[in-house]
>>> print(open('data.cif').read())   # mmCIF, C-alpha atoms
data_target
loop_
_atom_site.label_atom_id
_atom_site.label_comp_id
_atom_site.auth_asym_id
_atom_site.auth_seq_id
_atom_site.Cartn_x
_atom_site.Cartn_y
_atom_site.Cartn_z
CA MET A 294 -19.71 -4.70 -23.79
CA ASP A 295 -20.94 -4.51 -20.23
CA GLN A 296 -19.35 -2.15 -17.78
CA HIS A 297 -18.31 -3.62 -14.44
CA LEU A 298 -17.45 -1.88 -11.21
CA LEU A 299 -14.53 -3.45 -9.39
CA VAL A 300 -13.93 -2.58 -5.76
CA LEU A 301 -10.33 -3.55 -5.14
CA LEU A 302 -9.52 -4.43 -1.55
CA GLY A 303 -6.11 -4.89 0.00
CA THR A 304 -6.36 -6.74 3.29
CA LYS A 305 -4.26 -8.39 5.95
CA LYS A 306 -4.97 -11.75 4.31
CA GLY A 307 -4.69 -11.06 0.61
CA ALA A 308 -6.37 -9.00 -2.08
CA PHE A 309 -10.06 -9.28 -2.86
CA ILE A 310 -12.21 -8.03 -5.73
CA ALA A 311 -15.87 -7.16 -5.18
CA GLU A 312 -17.50 -6.88 -8.60
CA ALA A 313 -20.92 -5.49 -9.49
CA ASP A 314 -23.07 -3.87 -12.14
CA PRO A 315 -22.45 -0.14 -11.65
CA ASP A 316 -26.21 0.52 -11.69
CA ARG A 317 -26.53 -1.66 -8.58
CA ARG A 318 -23.47 -0.41 -6.71
CA ALA A 319 -25.46 0.30 -3.52
CA ASP A 320 -26.93 -3.20 -3.39
CA PRO A 321 -24.88 -5.67 -1.35
CA ALA A 322 -26.55 -8.55 -3.21
CA ALA A 323 -25.18 -7.27 -6.52
CA TYR A 324 -21.58 -7.95 -5.58
CA ARG A 325 -19.59 -11.06 -6.38
CA LEU A 326 -16.49 -11.46 -4.22
CA ARG A 327 -13.27 -13.03 -5.50
CA GLY A 328 -10.30 -13.82 -3.29
CA PRO A 329 -8.14 -14.08 -1.37
CA LEU A 330 -5.75 -13.25 -4.19
CA CYS A 331 -1.96 -12.85 -4.17
CA GLU A 332 -1.59 -16.05 -2.15
CA GLY A 333 -3.00 -14.40 0.93
CA TRP A 334 -0.09 -12.00 1.36
CA PRO A 335 -0.83 -8.83 3.32
CA ILE A 336 -1.64 -6.30 0.59
CA ASN A 337 -1.27 -2.62 1.41
CA ASP A 338 -2.32 -1.19 -1.95
CA PHE A 339 -4.35 -2.70 -4.78
CA ARG A 340 -5.32 -0.70 -7.84
CA HIS A 341 -6.10 -0.68 -11.53
CA ASP A 342 -3.92 1.02 -14.14
CA PRO A 343 -6.29 2.29 -16.83
CA ALA A 344 -3.46 2.81 -19.33
CA SER A 345 -2.35 -0.83 -19.38
CA GLY A 346 -5.47 -2.48 -18.01
CA ALA A 347 -3.33 -4.22 -15.39
CA LEU A 348 -4.14 -4.71 -11.75
CA TYR A 349 -1.24 -4.02 -9.38
CA ALA A 350 -1.01 -5.05 -5.74
CA GLY A 351 1.79 -4.10 -3.39
CA GLY A 352 2.54 -5.84 -0.16
CA GLY A 353 4.88 -8.03 1.78
CA SER A 354 4.82 -11.54 3.14
CA PRO A 355 6.26 -12.11 6.61
CA TRP A 356 8.05 -15.13 5.11
CA TYR A 357 8.85 -14.15 1.54
CA GLY A 358 9.40 -10.39 1.66
CA ALA A 359 8.14 -7.52 -0.46
CA ALA A 360 6.84 -7.67 -4.00
CA VAL A 361 4.55 -6.04 -6.52
CA TRP A 362 1.91 -8.35 -7.97
CA ARG A 363 0.47 -7.89 -11.45
CA SER A 364 -2.57 -9.35 -13.19
CA ASP A 365 -3.38 -8.74 -16.86
CA ASP A 366 -6.71 -10.55 -16.78
CA LEU A 367 -8.51 -8.65 -14.01
CA GLY A 368 -7.34 -10.93 -11.26
CA GLN A 369 -7.69 -14.39 -12.77
CA THR A 370 -3.93 -15.03 -12.91
CA TRP A 371 -1.04 -13.26 -11.23
CA SER A 372 2.70 -12.84 -11.37
CA HIS A 373 4.93 -11.04 -8.94
CA SER A 374 8.37 -9.45 -8.92
CA SER A 375 10.80 -7.75 -6.60
CA GLU A 376 13.73 -7.68 -9.02
CA GLY A 377 15.63 -4.49 -8.25
CA LEU A 378 13.35 -3.70 -5.33
CA THR A 379 16.26 -3.49 -2.93
CA TYR A 380 18.71 -1.04 -1.38
CA GLY A 381 21.48 -3.54 -2.07
CA ASP A 382 23.16 -6.14 0.08
CA ASP A 383 24.65 -3.42 2.28
CA GLY A 384 21.29 -1.77 2.82
CA PRO A 385 18.33 -2.56 5.05
CA ALA A 386 16.10 -5.47 4.11
CA MET A 387 13.03 -4.55 2.10
CA ARG A 388 9.95 -5.28 4.19
CA SER A 389 6.89 -4.34 2.20
CA VAL A 390 5.41 -2.33 -0.64
CA TRP A 391 2.93 0.28 0.54
CA GLN A 392 1.90 2.08 -2.62
CA VAL A 393 1.87 1.33 -6.33
CA THR A 394 1.12 4.31 -8.56
CA SER A 395 1.20 4.52 -12.34
CA ALA A 396 1.94 7.84 -13.97
CA HIS A 397 3.17 9.07 -17.33
CA GLY A 398 4.06 5.56 -18.52
CA ALA A 399 6.00 4.58 -15.44
CA LEU A 400 5.11 2.67 -12.31
CA TYR A 401 6.20 3.83 -8.86
CA ALA A 402 6.38 1.86 -5.64
CA GLY A 403 6.57 3.40 -2.20
CA VAL A 404 8.18 0.95 0.18
CA GLU A 405 9.27 0.09 3.72
CA PRO A 406 11.96 1.01 4.77
CA ALA A 407 10.95 4.33 3.26
CA GLY A 408 11.97 4.94 -0.31
CA LEU A 409 10.68 5.17 -3.84
CA PHE A 410 11.28 2.78 -6.74
CA ARG A 411 10.43 3.15 -10.41
CA SER A 412 9.62 0.52 -13.03
CA ASP A 413 9.56 1.18 -16.75
CA ASP A 414 8.49 -2.33 -17.71
CA GLY A 415 5.21 -2.74 -15.89
CA GLY A 416 6.65 -3.93 -12.60
CA ALA A 417 8.96 -6.65 -13.95
CA THR A 418 12.09 -4.80 -12.78
CA TRP A 419 12.61 -1.85 -10.47
CA ALA A 420 15.16 0.93 -10.00
CA HIS A 421 15.74 2.93 -6.84
CA VAL A 422 14.82 6.63 -7.07
CA GLU A 423 17.90 7.54 -5.10
CA GLY A 424 17.32 11.27 -4.87
CA LEU A 425 14.65 10.81 -2.20
CA THR A 426 16.66 8.59 0.12
CA ARG A 427 19.70 10.81 -0.36
CA HIS A 428 17.83 13.74 1.12
CA PRO A 429 20.05 15.52 3.70
CA THR A 430 17.54 14.76 6.46
CA ARG A 431 17.61 10.98 5.83
CA ASP A 432 19.66 10.16 8.94
CA SER A 433 17.00 11.75 11.13
CA TRP A 434 14.04 9.84 9.68
CA GLN A 435 12.16 7.89 12.35
CA PRO A 436 9.47 5.24 11.88
CA GLY A 437 5.87 5.73 12.92
CA ASN A 438 3.79 2.98 14.48
CA GLY A 439 3.42 1.33 11.08
CA GLY A 440 7.15 1.47 10.37
CA LEU A 441 9.31 3.82 8.31
CA ILE A 442 7.08 3.69 5.27
CA CYS A 443 6.64 5.61 2.04
CA HIS A 444 2.89 5.16 1.80
CA THR A 445 1.75 7.94 -0.51
CA VAL A 446 2.94 8.61 -4.06
CA LEU A 447 1.16 11.36 -5.97
CA ALA A 448 2.01 12.30 -9.53
CA ASP A 449 0.99 15.56 -11.14
CA PRO A 450 -1.31 14.45 -13.97
CA ALA A 451 -0.10 17.31 -16.19
CA ASP A 452 3.60 17.48 -15.34
CA ALA A 453 5.67 14.30 -15.41
CA GLN A 454 8.50 16.05 -13.57
CA ARG A 455 6.41 16.81 -10.49
CA MET A 456 5.57 14.33 -7.72
CA TRP A 457 4.87 14.23 -4.01
CA VAL A 458 5.46 11.44 -1.53
CA GLY A 459 4.35 10.98 2.06
CA ILE A 460 6.57 9.17 4.55
CA SER A 461 5.69 8.26 8.13
CA SER A 462 6.77 9.75 10.36
CA VAL A 463 8.89 12.06 8.26
CA GLY A 464 6.52 14.16 6.21
CA CYS A 465 5.84 15.36 2.69
CA PHE A 466 8.53 15.61 0.03
CA ALA A 467 8.22 16.92 -3.51
CA THR A 468 10.26 16.76 -6.66
CA GLU A 469 10.03 19.11 -9.63
CA ASP A 470 12.70 17.38 -11.71
CA GLY A 471 11.36 13.88 -12.15
CA GLY A 472 12.77 12.50 -8.92
CA ARG A 473 16.37 13.67 -9.16
CA THR A 474 16.08 16.05 -6.22
CA TRP A 475 13.50 16.32 -3.46
CA GLU A 476 12.43 19.07 -1.08
CA ALA A 477 10.79 18.60 2.32
CA ARG A 478 7.47 20.43 2.33
CA ASN A 479 6.06 20.45 5.83
CA THR A 480 5.86 24.12 6.82
CA GLY A 481 2.81 24.65 8.98
CA VAL A 482 2.29 20.97 9.80
CA ARG A 483 2.46 20.13 13.50
CA ALA A 484 4.39 17.33 15.14
CA ASP A 485 2.75 17.35 18.57
CA TYR A 486 4.96 14.51 19.79
CA MET A 487 8.23 16.45 19.29
CA PRO A 488 9.81 19.23 21.37
CA ASP A 489 9.86 21.43 18.26
CA LYS A 490 6.27 21.30 17.05
CA TYR A 491 7.18 22.57 13.58
CA PRO A 492 10.40 20.82 12.47
CA GLU A 493 11.62 20.62 8.86
CA THR A 494 10.83 16.89 8.89
CA GLY A 495 9.41 14.47 11.45
CA GLN A 496 5.73 15.05 10.72
CA CYS A 497 3.54 11.99 10.66
CA VAL A 498 1.69 12.42 7.39
CA HIS A 499 -1.01 9.76 7.05
CA LYS A 500 -2.35 10.51 3.56
CA MET A 501 -2.38 13.25 0.95
CA ALA A 502 -4.67 13.86 -2.02
CA LEU A 503 -4.40 16.15 -5.03
CA ALA A 504 -7.36 18.46 -5.55
CA ALA A 505 -8.94 18.46 -8.98
CA GLY A 506 -8.60 21.52 -11.15
CA ARG A 507 -6.06 23.34 -8.96
CA PRO A 508 -2.61 21.93 -9.69
CA ASP A 509 -1.03 23.39 -6.53
CA ARG A 510 -3.73 22.32 -4.04
CA LEU A 511 -3.28 19.28 -1.84
CA TYR A 512 -5.12 18.01 1.18
CA GLN A 513 -3.38 16.13 3.96
CA GLN A 514 -4.63 14.02 6.83
CA ASN A 515 -1.92 13.87 9.44
CA HIS A 516 -1.42 12.19 12.80
CA CYS A 517 -1.71 15.75 14.15
CA GLY A 518 -4.40 17.49 12.18
CA THR A 519 -5.97 17.98 8.78
CA TYR A 520 -4.33 20.38 6.34
CA ARG A 521 -4.60 22.10 2.96
CA SER A 522 -1.83 23.51 0.83
CA ASP A 523 -2.42 25.92 -2.05
CA ASP A 524 1.24 26.16 -3.04
CA ALA A 525 2.11 22.57 -3.89
CA GLY A 526 2.92 21.66 -0.31
CA ARG A 527 5.36 24.46 0.47
CA THR A 528 3.07 25.74 3.21
CA TRP A 529 0.09 24.10 4.88
CA GLU A 530 -2.96 25.56 6.62
CA CYS A 531 -4.53 23.66 9.49
CA LEU A 532 -8.18 22.76 8.88
CA ASP A 533 -8.96 21.30 12.31
CA PRO A 534 -11.72 23.69 13.47
CA GLY A 535 -15.05 21.98 12.88
CA LEU A 536 -13.68 18.45 12.94
CA PRO A 537 -14.29 16.17 15.94
CA SER A 538 -10.61 15.28 16.32
CA THR A 539 -7.17 16.01 14.95
CA PHE A 540 -6.49 12.34 14.17
CA GLY A 541 -7.42 10.19 11.21
CA PHE A 542 -5.92 8.42 8.25
CA PRO A 543 -7.55 8.76 4.81
CA VAL A 544 -8.38 11.86 2.80
CA VAL A 545 -10.16 11.77 -0.56
CA ALA A 546 -10.59 14.70 -2.94
CA HIS A 547 -13.67 15.46 -5.02
CA PRO A 548 -13.19 14.53 -8.71
CA GLN A 549 -14.07 18.02 -9.98
CA ASP A 550 -14.49 20.49 -7.11
CA PRO A 551 -11.16 21.52 -5.55
CA ASP A 552 -12.96 22.90 -2.49
CA THR A 553 -14.50 19.56 -1.54
CA CYS A 554 -12.77 16.69 0.21
CA PHE A 555 -13.62 13.90 2.62
CA THR A 556 -11.88 12.56 5.70
CA ILE A 557 -12.65 10.07 8.46
CA PRO A 558 -11.65 11.42 11.86
CA LEU A 559 -10.92 8.89 14.58
CA ASN A 560 -11.15 9.76 18.24
CA GLY A 561 -7.44 10.27 18.86
CA ASP A 562 -4.08 8.58 18.75
CA ASP A 563 -4.15 7.76 22.49
CA ARG A 564 -7.89 7.14 22.84
CA GLY A 565 -8.38 3.94 20.91
CA ARG A 566 -8.34 5.18 17.31
CA TYR A 567 -11.98 4.39 16.61
CA PHE A 568 -14.87 6.57 15.44
CA PRO A 569 -15.53 9.50 17.80
CA ASP A 570 -18.19 8.48 20.35
CA ALA A 571 -18.23 5.10 18.54
CA ALA A 572 -20.54 6.69 15.94
CA MET A 573 -19.47 6.13 12.35
CA ALA A 574 -19.18 9.17 10.08
CA VAL A 575 -17.36 10.52 7.07
CA TRP A 576 -16.71 14.26 7.23
CA ARG A 577 -16.95 16.56 4.23
CA THR A 578 -15.87 20.10 3.53
CA ARG A 579 -17.22 22.07 0.59
CA ASP A 580 -15.28 25.24 1.28
CA ALA A 581 -11.68 24.01 1.27
CA GLY A 582 -11.70 23.18 4.95
CA THR A 583 -13.24 26.33 6.41
CA SER A 584 -16.17 24.26 7.68
CA TRP A 585 -16.98 20.57 7.97
CA ALA A 586 -20.13 18.46 8.19
CA PRO A 587 -20.59 14.78 9.07
CA LEU A 588 -22.20 12.31 6.69
CA ARG A 589 -23.92 9.64 8.79
CA ALA A 590 -27.04 8.41 6.95
CA GLY A 591 -27.03 4.63 6.99
CA LEU A 592 -23.90 4.35 9.12
CA PRO A 593 -24.07 2.81 12.63
CA GLN A 594 -24.27 5.47 15.31
CA GLN A 595 -23.31 3.30 18.22
CA ASP A 596 -20.72 0.64 19.01
CA ALA A 597 -18.51 1.51 16.04
CA TYR A 598 -15.25 0.59 17.75
CA MET A 599 -13.16 0.30 14.62
CA GLY A 600 -10.92 2.44 12.48
CA VAL A 601 -10.23 3.17 8.82
CA LEU A 602 -6.63 3.13 7.67
CA ARG A 603 -4.73 5.47 5.35
CA ASP A 604 -5.75 3.89 2.06
CA GLY A 605 -9.08 2.69 3.36
CA MET A 606 -11.29 5.24 1.56
CA THR A 607 -11.74 6.02 -2.12
CA ARG A 608 -14.30 7.06 -4.72
CA ASP A 609 -15.39 5.74 -8.08
CA ASP A 610 -15.56 7.54 -11.44
CA LEU A 611 -19.32 7.35 -11.94
CA SER A 612 -21.70 10.30 -11.85
CA PRO A 613 -22.72 11.02 -9.17
CA PHE A 614 -19.55 9.51 -7.80
CA GLY A 615 -19.62 6.85 -5.14
CA LEU A 616 -17.55 6.78 -1.97
CA TYR A 617 -16.24 3.61 -0.34
CA PHE A 618 -14.42 2.84 2.86
CA GLY A 619 -13.17 -0.34 4.49
CA THR A 620 -12.66 -0.80 8.20
CA SER A 621 -10.06 -2.40 10.40
CA THR A 622 -12.75 -4.98 11.26
CA GLY A 623 -13.35 -6.04 7.65
CA GLN A 624 -16.48 -4.11 6.76
CA LEU A 625 -16.89 -2.40 3.41
CA TRP A 626 -19.24 0.59 3.27
CA ALA A 627 -20.35 2.45 0.15
CA SER A 628 -22.32 5.52 -0.79
CA PRO A 629 -23.75 5.84 -4.32
CA ASP A 630 -24.46 9.56 -3.93
CA GLU A 631 -21.23 11.26 -2.91
CA GLY A 632 -21.59 10.42 0.77
CA GLU A 633 -25.22 11.31 1.41
CA HIS A 634 -26.39 7.74 2.05
CA TRP A 635 -24.41 4.67 3.02
CA HIS A 636 -24.81 0.92 2.66
CA ARG A 637 -22.79 -1.95 4.09
CA LEU A 638 -21.58 -4.08 1.19
CA LEU A 639 -19.42 -6.62 3.01
CA ASP A 640 -19.13 -7.51 6.65
CA THR A 641 -16.70 -10.36 7.21
CA LEU A 642 -13.46 -9.61 5.41
CA PRO A 643 -10.04 -9.52 7.07
CA PRO A 644 -8.82 -6.12 8.29
CA ILE A 645 -8.96 -3.84 5.25
CA TYR A 646 -5.82 -1.88 4.38
CA SER A 647 -6.82 -0.32 1.06
CA VAL A 648 -9.87 0.34 -1.09
CA GLU A 649 -9.75 1.40 -4.73
CA THR A 650 -12.22 1.16 -7.60
CA ALA A 651 -12.08 0.55 -11.32
CA LEU A 652 -14.61 0.65 -14.14
CA VAL A 653 -13.85 -1.99 -16.72
CA THR A 654 -15.59 -3.46 -19.74
CA ALA A 655 -15.85 -7.19 -20.09
CA MET B 218 22.60 -35.31 -7.00
CA ALA B 219 21.38 -32.86 -4.35
CA THR B 220 17.67 -32.44 -3.79
CA VAL B 221 15.73 -29.45 -2.46
CA VAL B 222 12.30 -29.74 -0.85
CA LEU B 223 10.24 -26.55 -1.04
CA PRO B 224 7.16 -25.50 0.96
CA ARG B 225 3.71 -25.33 -0.61
CA SER B 226 3.40 -21.57 0.00
CA LEU B 227 6.61 -20.92 -1.95
CA VAL B 228 5.86 -23.26 -4.82
CA ALA B 229 2.48 -21.57 -5.21
CA LEU B 230 4.23 -18.33 -6.20
CA PHE B 231 5.88 -19.88 -9.26
CA PRO B 232 3.65 -21.62 -11.80
CA GLY B 233 5.14 -24.97 -12.73
CA ALA B 234 7.45 -25.16 -9.74
CA GLU B 235 7.71 -28.46 -7.94
CA ARG B 236 7.87 -29.33 -4.27
CA ARG B 237 10.87 -31.64 -4.70
CA VAL B 238 13.62 -30.53 -7.08
CA ASP B 239 16.83 -32.21 -8.12
CA VAL B 240 19.36 -29.41 -8.48
CA GLY B 241 22.37 -31.39 -9.71
CA PRO B 242 25.81 -31.06 -8.22
CA VAL B 243 26.00 -28.03 -5.95
CA THR B 244 28.51 -27.20 -3.26
CA SER B 245 26.47 -24.91 -1.00
CA VAL B 246 22.98 -23.82 -0.06
CA ALA B 247 23.58 -20.61 -2.04
CA GLU B 248 24.33 -22.66 -5.16
CA ALA B 249 21.27 -24.81 -4.64
CA ILE B 250 19.11 -21.71 -4.42
CA ALA B 251 20.80 -20.26 -7.51
CA ALA B 252 19.93 -23.44 -9.39
CA LEU B 253 16.29 -23.02 -8.37
CA ASP B 254 16.34 -19.37 -9.41
CA ALA B 255 17.65 -20.35 -12.85
CA ARG B 256 14.59 -22.55 -13.36
CA TRP B 257 12.07 -20.18 -11.76
CA PRO B 258 13.41 -16.61 -11.92
CA GLY B 259 12.70 -14.63 -8.79
CA LEU B 260 12.60 -17.63 -6.47
CA ARG B 261 15.88 -16.64 -4.82
CA ASP B 262 14.35 -13.32 -3.73
CA ARG B 263 11.67 -15.15 -1.80
CA ILE B 264 14.23 -17.12 0.25
CA VAL B 265 17.15 -14.70 0.45
CA GLU B 266 17.11 -11.09 1.64
CA GLU B 267 19.72 -8.36 1.65
CA GLY B 268 23.04 -9.28 3.19
CA PRO B 269 22.72 -11.71 1.56
CA ARG B 270 21.15 -13.92 4.20
CA ILE B 271 18.27 -16.35 4.45
CA ARG B 272 15.10 -14.50 5.31
CA ARG B 273 14.19 -14.13 8.98
CA TYR B 274 11.20 -16.46 8.89
CA ILE B 275 12.62 -19.04 6.51
CA ASN B 276 14.56 -22.00 7.88
CA VAL B 277 16.90 -24.09 5.75
CA TYR B 278 18.25 -27.48 6.74
CA VAL B 279 20.88 -29.65 5.05
CA ASP B 280 20.45 -33.30 5.86
CA GLY B 281 18.43 -32.31 8.90
CA GLN B 282 20.86 -29.75 10.30
CA PRO B 283 20.19 -25.96 10.41
CA ALA B 284 21.99 -24.30 7.53
CA GLU B 285 22.99 -20.91 6.13
CA LEU B 286 23.80 -19.82 2.60
CA THR B 287 27.42 -20.89 2.98
CA THR B 288 26.62 -24.31 4.41
CA PRO B 289 28.10 -27.09 2.21
CA VAL B 290 25.72 -29.46 0.46
CA PRO B 291 27.01 -33.04 0.00
CA PRO B 292 26.72 -34.62 -3.48
CA THR B 293 23.53 -36.41 -2.46
CA GLY B 294 22.45 -33.89 0.15
CA LEU B 295 18.83 -33.17 1.03
CA VAL B 296 17.98 -29.49 1.52
CA HIS B 297 14.71 -28.55 3.20
CA VAL B 298 13.34 -25.00 2.90
CA LEU B 299 10.67 -24.43 5.55
CA PRO B 300 8.62 -21.38 6.57
CA ALA B 301 8.98 -20.64 10.28
CA VAL B 302 6.06 -19.94 12.57
CA ALA B 303 5.08 -16.34 11.80
CA GLY B 304 2.16 -14.22 10.71
CA GLY B 305 -1.15 -13.69 12.41
#
>>> encode(input="data.cif", output="C-alpha cells")
Amino acid sequence: MDQHLLVLLGTKKGAFIAEADPDRRADPAAYRLRGPLCEGWPINDFRHDPASGALYAGGGSPWYGAAVWRSDDLGQTWSHSSEGLTYGDDGPAMRSVWQVTSAHGALYAGVEPAGLFRSDDGGATWAHVEGLTRHPTRDSWQPGNGGLICHTVLADPADAQRMWVGISSVGCFATEDGGRTWEARNTGVRADYMPDKYPETGQCVHKMALAAGRPDRLYQQNHCGTYRSDDAGRTWECLDPGLPSTFGFPVVAHPQDPDTCFTIPLNGDDRGRYFPDAAMAVWRTRDAGTSWAPLRAGLPQQDAYMGVLRDGMTRDDLSPFGLYFGTSTGQLWASPDEGEHWHRLLDTLPPIYSVETALVTA
Amino acid sequence: MATVVLPRSLVALFPGAERRVDVGPVTSVAEAIAALDARWPGLRDRIVEEGPRIRRYINVYVDGQPAELTTPVPPTGLVHVLPAVAGG
C-alpha cells in the first residue's frame, strides 16, 4: 500500500485536496489538485480524522447556512449535516462552522455565533455544549472583525475531560469536566483596544496550540501579542520581544519539542495586515519564546502584500516534519525540513482559510 | 398538486434530488418545504433558518408572488425557491 500525503485546503470557494507522494512533498510538480469540493462553499476548516478515516470540512454558505461536511472516501463523495447545529428558533441564526475537531471518540464544532457543539455519530447530528455559552460573561461577548466566532477547539490528548476553546474577540476558555463548566483563562493577555488592557474576557485570541510533551503548555497568537502558558492557560506570558510585530494569526507547535513553535507575524492590525516590510517569513522559537528567528529561505523577500489567516499554517507527521502555509492570495508554501527551506506548491487558489495535512494509505 | 422548483445549487447538495418536485396537497410554503425534507432529510435546514424564517439570501415565490413560510399554497400552486444575489 502506497502512502499519500494530502494537503487539505479550506478556501473561500470550497475545499481542495493537493495530493502527492510524501517523498516528493517539496516538488510542486508532484501534486495533483482536486476541487473545489463541498459545492464551493466557503470552508473554514478541513481536516482528516485518523480514527475514522473521514474527512471533515466546516463552513457556511451565504445562501444555505452552516454545515459540517463529511467524506468517507478521501473526498470522492460527500454528505453534509447541520441537524442540531442550532441555538433553537429563539436563538441567533447559525452562520458558519469554524472548526471541526475529533477527540476521544467525539466530534466538536466551533461555530459562529460563538459556541461549541458535539456530535457522537460522526457529524450526522449535533448537540449544543451549553456550558460554554452559559458562561457568566456571555452577555459581554463582542465580535471581532471576523464575527463572534469559536475558531479554536483543542482537546487534551490524554484527558477527555479537558478542553480549550478560543473565541474572537472574547478569549480563551477551558473546561476540566468534559464541557459542563468553563473558566475564562486570559490572565496576562492584553486587549490593547479596550480601556482596561487586561480584562477577564474581551481578548482577541487568533489561534492557540498545545505543546507536545508538556500537558499544561499552550502557545497563543493573539491580535495583541504572542503568548505562552505553562499552567493550562490560567496565566500567560507575553513573548513579543524578538518578533517584528505583535499581530498575526496562526501558531503551530513542534510535534515533539515543547520549546519550539512557529508563528507568522503580520505588520499590524492597522497597517495592512501583510508580511512585515512585504518580506515573507515564518518565525520560530526554540526556547519557548525567549528568542525568535525568521525562516526566509525560498520565500519572496519583496512585494509580499498578503496575509496568512488563523488556520492557514500547519505541519505534517513525517520526519523531518514539513511545514505548510496558505495565503490570503491563494498561494500554498511548503517546507520539507521544518522550516529551513521553502517551496511554492500552488499559486492560483482562492483565498486560503485553512491548511491541514494527512498521511493516508491507498 | 402543488409543485416546487428548486435551484441547481440546492439540488446539488442532496444526491437524487430533482429540480422540479410535486409535493402533493400542501396548504403553506412551510408544508411544501416539510414535504421536501421528508424526501431529502436536511433540505429544510438549507432553506429555513432559526425563527423559523426563510434564510436571508433565499427568495421564495408562490405563483410568482414573494412568499414567506406561512404563505398559502393553492392546490395547484407553483413554488419557486431561488438563491438571491449574494457571495463574492
>>> residues_around(input="data.cif", residues="Met501 in chain A", least_positions_apart="3", cutoff="7 Å", atoms="only C-alpha atoms", output="PyMOL selection string")
chain A and resi 445+511-514+544
>>> atom_distance(input="data.cif", atom1="CA of Thr654 in chain A", atom2="CA of Leu298 in chain A")
8.9 Å
>>> resolve_selection(input="data.cif", expression="the PyMOL selection byres ((chain A) within 7 of (chain B))", output="PDB file with C-alpha atoms, in the coordinates of the input")
ATOM      1  CA  PRO A 355       6.260 -12.110   6.610  1.00  0.00           C
ATOM      2  CA  TRP A 356       8.050 -15.130   5.110  1.00  0.00           C
ATOM      3  CA  TYR A 357       8.850 -14.150   1.540  1.00  0.00           C
ATOM      4  CA  GLY A 358       9.400 -10.390   1.660  1.00  0.00           C
ATOM      5  CA  SER A 374       8.370  -9.450  -8.920  1.00  0.00           C
ATOM      6  CA  GLY A 381      21.480  -3.540  -2.070  1.00  0.00           C
ATOM      7  CA  ASP A 382      23.160  -6.140   0.080  1.00  0.00           C
ATOM      8  CA  ASP A 383      24.650  -3.420   2.280  1.00  0.00           C
ATOM      9  CA  GLY A 384      21.290  -1.770   2.820  1.00  0.00           C
ATOM     10  CA  PRO A 385      18.330  -2.560   5.050  1.00  0.00           C
ATOM     11  CA  ALA A 386      16.100  -5.470   4.110  1.00  0.00           C
TER      12      ALA A 386
END
>>> residues_around(input="data.cif", residues="Gln392 in chain A", least_positions_apart="5", cutoff="9 Å", atoms="only C-alpha atoms", output="mmCIF file with C-alpha atoms, in the frame of the given file")
data_model
loop_
_atom_site.group_PDB
_atom_site.id
_atom_site.type_symbol
_atom_site.label_atom_id
_atom_site.label_comp_id
_atom_site.auth_asym_id
_atom_site.auth_seq_id
_atom_site.Cartn_x
_atom_site.Cartn_y
_atom_site.Cartn_z
ATOM 1 C CA ASN A 337 -1.270 -2.620 1.410
ATOM 2 C CA ASP A 338 -2.320 -1.190 -1.950
ATOM 3 C CA PHE A 339 -4.350 -2.700 -4.780
ATOM 4 C CA ALA A 350 -1.010 -5.050 -5.740
ATOM 5 C CA GLY A 351 1.790 -4.100 -3.390
ATOM 6 C CA GLY A 352 2.540 -5.840 -0.160
ATOM 7 C CA TYR A 401 6.200 3.830 -8.860
ATOM 8 C CA ALA A 402 6.380 1.860 -5.640
ATOM 9 C CA GLY A 403 6.570 3.400 -2.200
ATOM 10 C CA VAL A 404 8.180 0.950 0.180
ATOM 11 C CA CYS A 443 6.640 5.610 2.040
ATOM 12 C CA HIS A 444 2.890 5.160 1.800
ATOM 13 C CA THR A 445 1.750 7.940 -0.510
ATOM 14 C CA VAL A 446 2.940 8.610 -4.060
#
>>> resolve_selection(input="data.cif", expression="the PyMOL selection byres ((chain A and resi 631) around 7)", output="list in words")
Pro613, Phe614, Gly615, Leu616, Ser628, Pro629, Asp630, Gly632 and Glu633 of chain A
>>> closest_residue(input="data.cif", among="B:Leu286, B:Val238, B:Ala247, B:Ala252", to="Pro224 in chain B", atoms="all atoms listed in the file")
B:Val238
>>> closest_residue(input="data.cif", among="B:Pro292, B:Arg256, B:Val298, B:Thr287", to="Ala219 in chain B", atoms="only C-alpha atoms")
B:Pro292
>>> resolve_selection(input="data.cif", expression="the PyMOL selection byres ((chain A and resi 572) around 12)", output="list in words")
Pro537, Ile557, Pro558, Leu559, Asn560, Tyr567, Phe568, Pro569, Asp570, Ala571, Met573, Ala574, Val575, Pro587, Leu588, Arg589, Ala590, Gly591, Leu592, Pro593, Gln594, Gln595, Asp596, Ala597, Tyr598, Met599 and Gly600 of chain A
>>> write_last_selection(input="data.cif", atoms="C-alpha atoms", output="mmCIF file, in the frame of the given file")
data_model
loop_
_atom_site.group_PDB
_atom_site.id
_atom_site.type_symbol
_atom_site.label_atom_id
_atom_site.label_comp_id
_atom_site.auth_asym_id
_atom_site.auth_seq_id
_atom_site.Cartn_x
_atom_site.Cartn_y
_atom_site.Cartn_z
ATOM 1 C CA PRO A 537 -14.290 16.170 15.940
ATOM 2 C CA ILE A 557 -12.650 10.070 8.460
ATOM 3 C CA PRO A 558 -11.650 11.420 11.860
ATOM 4 C CA LEU A 559 -10.920 8.890 14.580
ATOM 5 C CA ASN A 560 -11.150 9.760 18.240
ATOM 6 C CA TYR A 567 -11.980 4.390 16.610
ATOM 7 C CA PHE A 568 -14.870 6.570 15.440
ATOM 8 C CA PRO A 569 -15.530 9.500 17.800
ATOM 9 C CA ASP A 570 -18.190 8.480 20.350
ATOM 10 C CA ALA A 571 -18.230 5.100 18.540
ATOM 11 C CA MET A 573 -19.470 6.130 12.350
ATOM 12 C CA ALA A 574 -19.180 9.170 10.080
ATOM 13 C CA VAL A 575 -17.360 10.520 7.070
ATOM 14 C CA PRO A 587 -20.590 14.780 9.070
ATOM 15 C CA LEU A 588 -22.200 12.310 6.690
ATOM 16 C CA ARG A 589 -23.920 9.640 8.790
ATOM 17 C CA ALA A 590 -27.040 8.410 6.950
ATOM 18 C CA GLY A 591 -27.030 4.630 6.990
ATOM 19 C CA LEU A 592 -23.900 4.350 9.120
ATOM 20 C CA PRO A 593 -24.070 2.810 12.630
ATOM 21 C CA GLN A 594 -24.270 5.470 15.310
ATOM 22 C CA GLN A 595 -23.310 3.300 18.220
ATOM 23 C CA ASP A 596 -20.720 0.640 19.010
ATOM 24 C CA ALA A 597 -18.510 1.510 16.040
ATOM 25 C CA TYR A 598 -15.250 0.590 17.750
ATOM 26 C CA MET A 599 -13.160 0.300 14.620
ATOM 27 C CA GLY A 600 -10.920 2.440 12.480
#
